[in-house]
Each structure stands twice: as C-alpha cells, then as structure tokens.
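entry_10.cif (mmCIF, C-alpha atoms and all ligand atoms) appears below.
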data_work
loop_
_atom_site.label_atom_id
_atom_site.label_comp_id
_atom_site.auth_asym_id
_atom_site.auth_seq_id
_atom_site.Cartn_x
_atom_site.Cartn_y
_atom_site.Cartn_z
CA MET A 23 67.19 -40.34 87.06
CA ALA A 24 69.87 -37.64 87.14
CA VAL A 25 72.35 -37.82 84.27
CA VAL A 26 76.07 -37.29 84.94
CA GLY A 27 77.33 -34.24 83.06
CA ASP A 28 73.85 -32.96 82.28
CA VAL A 29 74.10 -29.57 80.53
CA ARG A 30 70.64 -29.50 78.98
CA GLY A 31 69.37 -25.92 78.92
CA LYS A 32 72.67 -24.40 80.00
CA ALA A 33 74.22 -21.55 78.03
CA VAL A 34 77.90 -21.95 77.20
CA LEU A 35 80.29 -19.69 75.33
CA VAL A 36 83.29 -21.40 73.71
CA VAL A 37 85.96 -18.80 72.95
CA GLY A 38 87.95 -20.23 70.04
CA GLY A 39 85.29 -22.74 68.98
CA THR A 40 85.72 -22.77 65.22
CA ARG A 41 88.29 -25.51 64.77
CA GLY A 42 90.05 -28.43 66.46
CA ILE A 43 89.49 -28.97 70.17
CA GLY A 44 87.20 -25.92 70.57
CA ARG A 45 84.90 -27.05 67.79
CA ALA A 46 84.73 -30.55 69.27
CA ILE A 47 83.84 -29.04 72.66
CA ALA A 48 81.13 -26.82 71.12
CA GLU A 49 79.76 -29.86 69.30
CA ARG A 50 79.66 -31.96 72.47
CA PHE A 51 77.74 -29.23 74.32
CA ALA A 52 75.24 -28.91 71.47
CA GLU A 53 74.86 -32.70 71.32
CA HIS A 54 74.11 -32.69 75.05
CA GLY A 55 71.39 -30.05 74.74
CA ALA A 56 73.22 -26.86 75.73
CA GLU A 57 72.77 -23.51 74.04
CA VAL A 58 76.17 -22.66 72.62
CA GLY A 59 78.01 -19.58 71.36
CA VAL A 60 81.21 -20.12 69.36
CA THR A 61 83.77 -17.47 68.57
CA GLY A 62 86.59 -17.25 66.06
CA ARG A 63 88.44 -14.44 64.31
CA ASN A 64 86.53 -14.95 61.08
CA ALA A 65 82.81 -14.08 61.30
CA GLU A 66 81.88 -16.24 58.33
CA GLN A 67 83.66 -19.30 59.74
CA ALA A 68 82.06 -18.80 63.16
CA SER A 69 78.61 -18.58 61.51
CA GLU A 70 79.26 -21.68 59.42
CA VAL A 71 80.18 -23.71 62.53
CA ALA A 72 77.11 -22.37 64.34
CA ASP A 73 74.79 -23.21 61.45
CA SER A 74 76.16 -26.72 61.03
CA LEU A 75 75.84 -27.51 64.77
CA THR A 76 72.32 -26.05 64.87
CA GLU A 77 71.35 -28.23 61.94
CA ALA A 78 72.98 -31.36 63.38
CA TYR A 79 71.62 -31.14 66.93
CA GLY A 80 68.59 -28.83 66.77
CA GLN A 81 70.11 -26.62 69.45
CA PRO A 82 70.48 -22.85 69.10
CA VAL A 83 74.18 -22.25 68.33
CA SER A 84 75.38 -18.74 67.52
CA GLY A 85 78.64 -17.63 65.91
CA HIS A 86 80.57 -14.51 66.95
CA ALA A 87 83.59 -12.78 65.42
CA LEU A 88 86.24 -12.21 68.05
CA ASP A 89 89.99 -11.66 68.10
CA VAL A 90 90.98 -12.19 71.72
CA ALA A 91 93.82 -9.67 71.33
CA ASP A 92 91.08 -6.99 71.42
CA ARG A 93 90.24 -6.71 75.12
CA ALA A 94 87.26 -4.39 74.62
CA LEU A 95 85.77 -6.79 72.08
CA VAL A 96 86.31 -9.80 74.38
CA ARG A 97 84.30 -8.01 77.10
CA GLU A 98 81.66 -6.94 74.59
CA VAL A 99 81.13 -10.46 73.18
CA VAL A 100 80.93 -12.08 76.64
CA GLU A 101 78.48 -9.42 77.85
CA GLU A 102 76.44 -9.46 74.66
CA PHE A 103 76.04 -13.25 74.68
CA GLU A 104 75.23 -13.21 78.38
CA SER A 105 72.59 -10.49 78.20
CA ARG A 106 70.98 -11.68 74.95
CA ARG A 107 70.57 -15.15 76.36
CA GLY A 108 69.52 -13.83 79.79
CA GLY A 109 72.36 -15.57 81.63
CA LEU A 110 75.49 -17.54 80.84
CA ASP A 111 76.27 -20.72 82.79
CA ALA A 112 79.74 -21.60 81.54
CA LEU A 113 82.66 -20.06 79.72
CA VAL A 114 85.21 -22.24 77.95
CA TYR A 115 88.42 -20.43 77.03
CA ASN A 116 90.05 -22.48 74.29
CA ALA A 117 91.69 -19.87 72.00
CA GLY A 118 95.36 -20.63 71.68
CA ILE A 119 98.33 -20.45 69.36
CA SER A 120 101.77 -22.02 69.22
CA PRO A 121 103.54 -20.38 66.27
CA SER A 122 107.11 -20.90 67.40
CA PHE A 123 109.30 -23.92 68.10
CA THR A 124 112.61 -22.39 69.15
CA SER A 125 115.04 -22.67 72.02
CA ALA A 126 114.34 -20.08 74.75
CA GLU A 127 117.42 -17.90 74.02
CA LYS A 128 116.17 -17.27 70.45
CA VAL A 129 112.55 -16.27 71.12
CA ASP A 130 111.80 -12.69 69.99
CA ASP A 131 109.59 -10.11 71.74
CA GLU A 132 106.88 -10.20 69.10
CA THR A 133 106.42 -13.97 69.39
CA TRP A 134 106.42 -13.86 73.18
CA ASP A 135 103.82 -11.04 73.26
CA ALA A 136 101.51 -12.70 70.71
CA ILE A 137 101.46 -16.03 72.56
CA ILE A 138 100.91 -14.46 75.98
CA ALA A 139 98.18 -12.15 74.60
CA THR A 140 96.20 -14.94 72.94
CA ASN A 141 96.73 -17.84 75.33
CA LEU A 142 96.79 -16.04 78.68
CA THR A 143 95.65 -12.40 78.67
CA GLY A 144 92.57 -13.11 76.54
CA GLY A 145 91.58 -15.80 79.04
CA PHE A 146 91.95 -13.41 81.94
CA VAL A 147 89.83 -10.74 80.26
CA ALA A 148 87.10 -13.20 79.20
CA ALA A 149 86.87 -14.91 82.59
CA GLN A 150 86.84 -11.59 84.42
CA ALA A 151 84.03 -10.24 82.19
CA PHE A 152 82.06 -13.46 82.72
CA ALA A 153 82.58 -13.44 86.51
CA ARG A 154 81.60 -9.76 86.82
CA ARG A 155 78.26 -10.51 85.15
CA LEU A 156 77.63 -13.52 87.39
CA ILE A 157 78.58 -11.63 90.54
CA ASP A 158 76.31 -8.70 89.57
CA GLY A 159 73.45 -11.10 88.85
CA ASP A 160 74.13 -13.25 91.93
CA ARG A 161 74.36 -16.40 89.80
CA PRO A 162 76.79 -19.37 89.93
CA GLY A 163 78.84 -20.49 86.94
CA SER A 164 81.81 -22.44 85.66
CA VAL A 165 84.94 -21.36 83.80
CA VAL A 166 86.94 -24.02 82.00
CA PHE A 167 90.34 -23.06 80.63
CA ILE A 168 91.96 -25.27 78.01
CA GLY A 169 95.52 -25.51 79.21
CA SER A 170 98.03 -28.14 78.19
CA VAL A 171 100.47 -30.65 79.62
CA ASP A 172 102.64 -27.50 79.50
CA SER A 173 100.43 -26.15 82.32
CA VAL A 174 102.18 -28.76 84.47
CA VAL A 175 105.59 -29.64 82.99
CA GLY A 176 108.22 -28.00 80.79
CA ASP A 177 108.48 -28.62 77.04
CA PRO A 178 111.60 -28.03 74.96
CA ARG A 179 111.57 -25.09 72.52
CA LEU A 180 108.13 -23.91 73.70
CA VAL A 181 109.05 -21.36 76.37
CA ALA A 182 106.35 -18.76 75.65
CA TYR A 183 103.68 -21.42 75.17
CA THR A 184 104.72 -23.12 78.44
CA ALA A 185 104.68 -19.77 80.25
CA SER A 186 101.19 -19.02 78.92
CA LYS A 187 99.75 -22.41 79.85
CA SER A 188 101.42 -22.61 83.29
CA GLY A 189 100.29 -19.02 83.88
CA MET A 190 96.78 -20.07 82.93
CA ALA A 191 96.70 -22.86 85.52
CA GLY A 192 98.03 -20.51 88.21
CA MET A 193 95.54 -17.81 87.23
CA ALA A 194 92.72 -20.38 87.32
CA ARG A 195 93.67 -21.51 90.83
CA THR A 196 93.59 -17.94 92.15
CA MET A 197 90.32 -17.14 90.37
CA ALA A 198 88.89 -20.33 91.91
CA VAL A 199 89.83 -19.09 95.37
CA ASP A 200 88.67 -15.50 94.78
CA TRP A 201 85.34 -16.49 93.26
CA ALA A 202 84.39 -19.57 95.31
CA ARG A 203 82.25 -17.39 97.57
CA TYR A 204 80.18 -16.40 94.54
CA GLY A 205 79.65 -20.00 93.43
CA ILE A 206 81.89 -19.52 90.40
CA ARG A 207 84.14 -22.52 89.76
CA VAL A 208 87.32 -22.32 87.68
CA ASN A 209 89.19 -25.35 86.37
CA THR A 210 91.84 -26.14 83.77
CA VAL A 211 91.81 -29.07 81.36
CA ALA A 212 95.32 -30.04 80.30
CA PRO A 213 95.44 -32.00 77.02
CA GLY A 214 98.45 -33.86 75.73
CA TYR A 215 99.19 -33.75 72.01
CA VAL A 216 96.02 -33.68 69.90
CA ALA A 217 95.62 -34.09 66.13
CA THR A 218 94.55 -30.57 65.04
CA ASP A 219 95.78 -27.72 62.83
CA LEU A 220 97.95 -26.56 65.74
CA THR A 221 100.03 -29.73 65.56
CA ALA A 222 99.91 -30.16 61.76
CA GLY A 223 103.62 -29.33 61.47
CA LEU A 224 104.74 -31.96 63.95
CA GLN A 225 102.30 -34.54 62.57
CA GLN A 226 103.89 -34.12 59.13
CA ASN A 227 107.41 -34.40 60.54
CA GLU A 228 107.98 -38.15 60.94
CA LYS A 229 110.79 -37.74 63.50
CA LEU A 230 108.83 -35.32 65.68
CA ARG A 231 105.64 -37.32 65.48
CA GLN A 232 107.55 -40.44 66.53
CA ALA A 233 109.17 -38.59 69.44
CA ILE A 234 105.73 -37.44 70.66
CA THR A 235 104.13 -40.87 70.38
CA ASP A 236 107.14 -42.54 72.02
CA ARG A 237 106.90 -40.06 74.93
CA THR A 238 103.13 -40.72 75.34
CA PRO A 239 102.30 -43.92 77.28
CA MET A 240 99.14 -44.40 75.12
CA LYS A 241 101.45 -44.22 72.05
CA ARG A 242 99.27 -41.91 69.98
CA LEU A 243 97.92 -38.37 69.68
CA ALA A 244 94.39 -37.69 70.94
CA GLU A 245 91.43 -36.89 68.73
CA PRO A 246 89.81 -33.50 69.56
CA LYS A 247 86.58 -35.12 70.78
CA GLU A 248 88.51 -37.02 73.48
CA ILE A 249 89.10 -33.69 75.25
CA SER A 250 85.46 -32.62 75.21
CA ASP A 251 83.67 -34.81 77.78
CA VAL A 252 85.68 -33.63 80.78
CA VAL A 253 84.89 -30.03 79.75
CA VAL A 254 81.17 -30.81 79.63
CA PHE A 255 81.46 -32.49 83.05
CA LEU A 256 83.21 -29.44 84.54
CA ALA A 257 80.52 -27.12 83.17
CA SER A 258 77.74 -29.30 84.55
CA ASP A 259 76.21 -29.60 88.00
CA SER A 260 77.97 -32.97 88.39
CA SER A 261 81.10 -31.06 89.43
CA THR A 262 79.73 -28.51 91.89
CA PHE A 263 82.52 -29.13 94.46
CA ILE A 264 85.36 -29.16 91.93
CA THR A 265 87.32 -25.94 91.56
CA GLY A 266 90.93 -24.89 91.13
CA ALA A 267 91.81 -28.27 89.62
CA VAL A 268 93.97 -29.19 86.64
CA TYR A 269 92.66 -32.21 84.72
CA PRO A 270 95.23 -33.98 82.55
CA VAL A 271 93.75 -35.57 79.40
CA ASP A 272 97.13 -36.60 78.09
CA GLY A 273 97.40 -40.36 77.51
CA GLY A 274 99.74 -40.54 80.50
CA TRP A 275 102.20 -37.78 79.41
CA THR A 276 102.44 -36.21 82.88
CA ALA A 277 102.37 -39.55 84.72
CA TRP A 278 106.13 -39.92 84.30
N1 LIG A 301 96.52 -29.57 69.63
C1 LIG A 301 97.21 -29.89 70.72
O1 LIG A 301 98.06 -30.81 70.71
C2 LIG A 301 96.96 -29.17 72.01
C3 LIG A 301 97.51 -29.73 73.17
C4 LIG A 301 97.30 -29.10 74.39
C5 LIG A 301 96.55 -27.94 74.42
N2 LIG A 301 96.06 -27.40 73.29
C6 LIG A 301 95.30 -26.16 73.41
O2 LIG A 301 93.99 -26.37 72.99
C7 LIG A 301 93.47 -25.17 72.42
C8 LIG A 301 92.93 -25.47 71.03
O3 LIG A 301 93.99 -25.96 70.24
P1 LIG A 301 93.76 -26.67 68.84
O4 LIG A 301 94.83 -27.67 68.73
O5 LIG A 301 92.36 -27.06 68.67
O6 LIG A 301 94.14 -25.46 67.87
P2 LIG A 301 93.56 -24.96 66.47
O7 LIG A 301 92.97 -26.10 65.71
O8 LIG A 301 94.65 -24.16 65.87
O9 LIG A 301 92.34 -24.00 66.92
C9 LIG A 301 92.62 -22.85 67.66
C10 LIG A 301 91.35 -22.13 67.99
O10 LIG A 301 91.69 -20.91 68.67
C11 LIG A 301 91.15 -19.82 67.95
N3 LIG A 301 92.04 -18.66 68.01
C12 LIG A 301 93.37 -18.64 67.79
N4 LIG A 301 93.83 -17.37 67.91
C13 LIG A 301 92.77 -16.61 68.22
C14 LIG A 301 92.60 -15.22 68.47
N5 LIG A 301 93.63 -14.34 68.42
N6 LIG A 301 91.36 -14.77 68.76
C15 LIG A 301 90.33 -15.63 68.81
N7 LIG A 301 90.41 -16.94 68.58
C16 LIG A 301 91.62 -17.43 68.28
C17 LIG A 301 90.99 -20.31 66.52
O11 LIG A 301 89.97 -19.59 65.88
P3 LIG A 301 90.17 -18.86 64.44
O12 LIG A 301 91.46 -19.32 63.84
O13 LIG A 301 88.96 -19.26 63.69
O14 LIG A 301 90.20 -17.42 64.79
C18 LIG A 301 90.56 -21.75 66.76
O15 LIG A 301 89.18 -21.84 67.00
C19 LIG A 301 94.61 -24.17 72.44
O16 LIG A 301 94.48 -23.34 73.56
C20 LIG A 301 95.83 -25.03 72.54
O17 LIG A 301 96.90 -24.36 73.15
C21 LIG A 301 96.24 -27.99 72.07
#
Spell out the structure here as structure tokens.
Amino acid sequence: MAVVGDVRGKAVLVVGGTRGIGRAIAERFAEHGAEVGVTGRNAEQASEVADSLTEAYGQPVSGHALDVADRALVREVVEEFESRRGGLDALVYNAGISPSFTSAEKVDDETWDAIIATNLTGGFVAAQAFARRLIDGDRPGSVVFIGSVDSVVGDPRLVAYTASKSGMAGMARTMAVDWARYGIRVNTVAPGYVATDLTAGLQQNEKLRQAITDRTPMKRLAEPKEISDVVVFLASDSSTFITGAVYPVDGGWTAW
C-alpha cells in the first residue's frame, strides 16, 4: 500500500538545518527514510547534527558548512551534494534571520541588506542552482521555501523580514510557473510563531509573548516539529500536482 508523504530513498538538502525548524525538518526526513544533507554556518555544528541523526535513524545524513551570504559557496554546496549523491530530489530553504524589531522609518541599510541576503537572495541562488542541475539531468524535483505568516500579511516593526518573506512567496510562485514544464515544483510553507532561538527574545518578554498568543487562535506558539510534516509531504510524490502554493502552518494567525 502506498504511504502518504513517502520520501524513502529520496535525497534532500536542508539549507539551514542545524537548529530550530530546519533541524526538525531534517530529523523528520531522516525518520522517514530520506538521505539528508544539513547545512549551517558552523562546520562542527553541522557535522554534529548529521552524526546524531545518522545514529538515531540509521540514515546517511551529511553536514555541510555554508554561509548563504556567499553565493559561490551556495552553488558549490548544492552542486556537490547533488553530484556526490547522484541526484537530489528536494531542496528545503530554511535559513533565516530576524535580528531587528524596529519601526520601518528607523531600519538601517546594513540590517535591511543582511535580512534580504540571508532570507531571500540565498534562497534564490540555492533554488536556481538546484533547478539548473535538475533541468540538465532531465529530472523532476521539489523546492520548499520556509516563509512565514509575513509571506502573507504585514507585521509591525519587521519591515525587512516581511519584505524578505513576501518576496520569497512571490519568487516561489514565479519559479513554479517557469519550472513546471521541467517537473520542478516550488512551494512555500508559512509558519506562525514557533518556539526557537529566533523567537527567544519575544518568548522571554512576557508582554510580547502574551500579545503573540492572544493574536493566535490556537493560543500558543508552535513546536518546530509541527512545521515539518507539511514539508515532507511537499517533497514527496504525494504532492505531484501542487506547485506555487503557500501553506500556512500558523495556528490560525492568517485566518483573521
Ligand atoms: N521561529 C519562528 O517563529 C518562525 C516563524 C515563521 C518563519 N520562521 C522561519 O523559519 C526559518 C527557521 O527559523 P528558526 O526559528 O528555526 O530559526 P533559528 O533557530 O534561528 O535557526 C535558523 C537556521 O538558519 C541558519 N542560518 C541563519 N543564517 C544563516 C546564514 N547566513 N547562512 C546559513 N545558514 C544560516 C542557522 O544556521 P547556523 O546558525 O548554524 O548557521 C539555523 O540553522 C527561518 O527562515 C525563519 O524566518 C520562523
């Protein structure tokens, strides 16, 4: 009997897979029998994650050092993983930062550039490198971008982050249209607030945490693993007619 979301034997690269949501996604793929590559800026940390997932699930998981600000290195890592493995079935672009919480008129150039480079440009470069390899090899594949509720709605004091995540969803839609003829699907998963390092500041601030939970119909933050199953589904052959979509996983945030 066919299993929904079956990724056994597929090769998946999770860009930004060392912590939080990305690590939970990498873990879910390994648990489901995929061969996984995880990247992070620190080589040692990437290797540690890879070793621990290999040990836990008996799947080959490799760790790669990658700063997504380095375009040449992004291309190199995608190509290296793809050619070493003899094919790459899915790319998950999860790397993201949100270092600033400031009203739009106060955001400086450096902050804007860093957020756009990490959250948006790195995703473009990685997905393009992945698609070029698939097109050259005449193989289908799936790109999953980790967006945000800010891919869909505005968010106070997060102008650069919102621009990056809305840009990501728009970019994904156009890639989906451009690459449909090659059998390459491109989708965006849009989480609400998740308990990770990225949101540590707001979790520790009682007023902010309360404002977030009040605004969320489910009245809580998500755990990282709650984001992972839809990503596995979108990488699998259970979703072969789904492309250009934005999937909210947000406890109802964008429902009102
Ligand atoms: N947490 C939330 O509430 C939430 C909500 C919606 C969407 N998201 C999105 O989900 C994704 C993951 O967020 P998270 O909460 O899990 O964050 P996190 O715990 O801070 O993890 C971020 C991940 O991105 C990687 N990363 C950051 N900058 C990088 C760079 N320049 N080059 C390569 N890798 C880089 C980090 O790796 P290293 O630090 O090891 O390099 C890490 O693996 C992000 O795209 C974020 O925008 C998060």
Could you give me the centre and size, in Å to one decimal, of an axis-aligned box around all listed atoms of ligand LIG 301 (chain A) with 3 Å added on every side, as lines of an AutoDock Vina configuration file?
center_x = 93.5
center_y = -22.6
center_z = 69.1
size_x = 15.1
size_y = 22.5
size_z = 16.7
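Minimum atom-to-atom distance to ligand LIG 301 (chain A), evaluated using only C-alpha atoms and all ligand atoms, belongs to A:Val171 out of A:Val208, A:Val171, A:Met193, A:Val58.
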Item checked: All residues having an atom within 6 Å of ligand LIG 301 (chain A) (all atoms listed in the file) as a ChimeraX atom specification -> /A:38-44,62-64,88-91,116-119,140,168-170,213-221
Practice item. Write out as a ChimeraX atom specification each polymer residue whose atoms come within 10 Å of A:Gln81, counting only C-alpha atoms; drop sequence neighbours fewer than 2 positions from it. Key: /A:30-31,51-58,72-73,75-79,83-84
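Counting all atoms listed in the file, the residue from A:Glu101, A:Leu142, A:Trp278, A:Val166 that sits nearest to A:Val253 is A:Val166.
We find atom CA of A:Ala33 and atom CA of A:Leu256 to be spaced 13.6 Å apart.
Distance check against A:Ala153 using only C-alpha atoms: of A:Val175, A:Val100, A:Arg195, A:Pro121, the minimum falls on A:Val100.
Of the listed residues (A:Asp111, A:Glu49, A:Asp92, A:Glu70), A:Asp111 comes nearest to A:Ser258; the distances count all atoms listed in the file.
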*Contacts of A:Val252 at 9 Å (only C-alpha atoms; same-chain gap of 2+ positions) as a ChimeraX atom specification*: /A:27,211,248-250,254-257,269,271
Atom pair atom CA of A:Thr133 + atom CA of A:Ser186, distance 12.0 Å
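Candidate residues A:Thr276, A:Phe152, A:Gln226, A:Ala212 were compared for distance to A:Pro239, and the nearest is A:Thr276, using only C-alpha atoms.
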Taken to one decimal, the atom CA of A:Pro246-atom CA of A:Leu230 distance is 19.5 Å
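Closest approach to A:Val96 from the set A:Ile138, A:Lys128, A:Gln67, A:Phe146 is made by A:Phe146, with distances taken over all atoms listed in the file.
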Next on the checklist: Set the distance at 9 Å and use all atoms listed in the file: which residues neighbour A:Ser120 once local chain neighbours fewer than 5 positions away are removed? I'd like the list as a list in words.
Outcome noted: Ile137, Asn141, Leu180, Ala182, Tyr183, Leu220 and Thr221 of chain A
Completion of stretch 94-108 of chain A up to N, CA and C atoms, as a short mmCIF file (atom, residue, chain, number, x, y, z; two decimals), in the coordinates of the input:
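This is the output file result30.cif:
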data_model
loop_
_atom_site.label_atom_id
_atom_site.label_comp_id
_atom_site.auth_asym_id
_atom_site.auth_seq_id
_atom_site.Cartn_x
_atom_site.Cartn_y
_atom_site.Cartn_z
N ALA A 94 88.59 -4.99 74.57
CA ALA A 94 87.26 -4.39 74.62
C ALA A 94 86.25 -5.32 73.94
N LEU A 95 86.67 -5.91 72.82
CA LEU A 95 85.77 -6.79 72.08
C LEU A 95 85.50 -8.08 72.87
N VAL A 96 86.51 -8.59 73.56
CA VAL A 96 86.31 -9.80 74.38
C VAL A 96 85.19 -9.50 75.40
N ARG A 97 85.32 -8.37 76.09
CA ARG A 97 84.30 -8.01 77.10
C ARG A 97 82.93 -7.86 76.45
N GLU A 98 82.92 -7.20 75.29
CA GLU A 98 81.66 -6.94 74.59
C GLU A 98 80.97 -8.26 74.20
N VAL A 99 81.73 -9.19 73.64
CA VAL A 99 81.13 -10.46 73.18
C VAL A 99 80.61 -11.26 74.37
N VAL A 100 81.38 -11.34 75.45
CA VAL A 100 80.93 -12.08 76.64
C VAL A 100 79.65 -11.45 77.17
N GLU A 101 79.65 -10.11 77.29
CA GLU A 101 78.48 -9.42 77.85
C GLU A 101 77.27 -9.53 76.93
N GLU A 102 77.54 -9.41 75.63
CA GLU A 102 76.44 -9.46 74.66
C GLU A 102 75.77 -10.85 74.67
N PHE A 103 76.58 -11.89 74.67
CA PHE A 103 76.04 -13.25 74.68
C PHE A 103 75.27 -13.49 75.97
N GLU A 104 75.84 -13.01 77.07
CA GLU A 104 75.23 -13.21 78.38
C GLU A 104 73.88 -12.49 78.47
N SER A 105 73.83 -11.23 78.02
CA SER A 105 72.59 -10.49 78.20
C SER A 105 71.52 -10.90 77.18
N ARG A 106 71.95 -11.26 75.97
CA ARG A 106 70.98 -11.68 74.95
C ARG A 106 70.30 -12.97 75.39
N ARG A 107 71.07 -13.84 75.97
CA ARG A 107 70.57 -15.15 76.36
C ARG A 107 69.87 -15.08 77.73
N GLY A 108 70.12 -13.97 78.45
CA GLY A 108 69.52 -13.83 79.79
C GLY A 108 70.24 -14.72 80.79
#
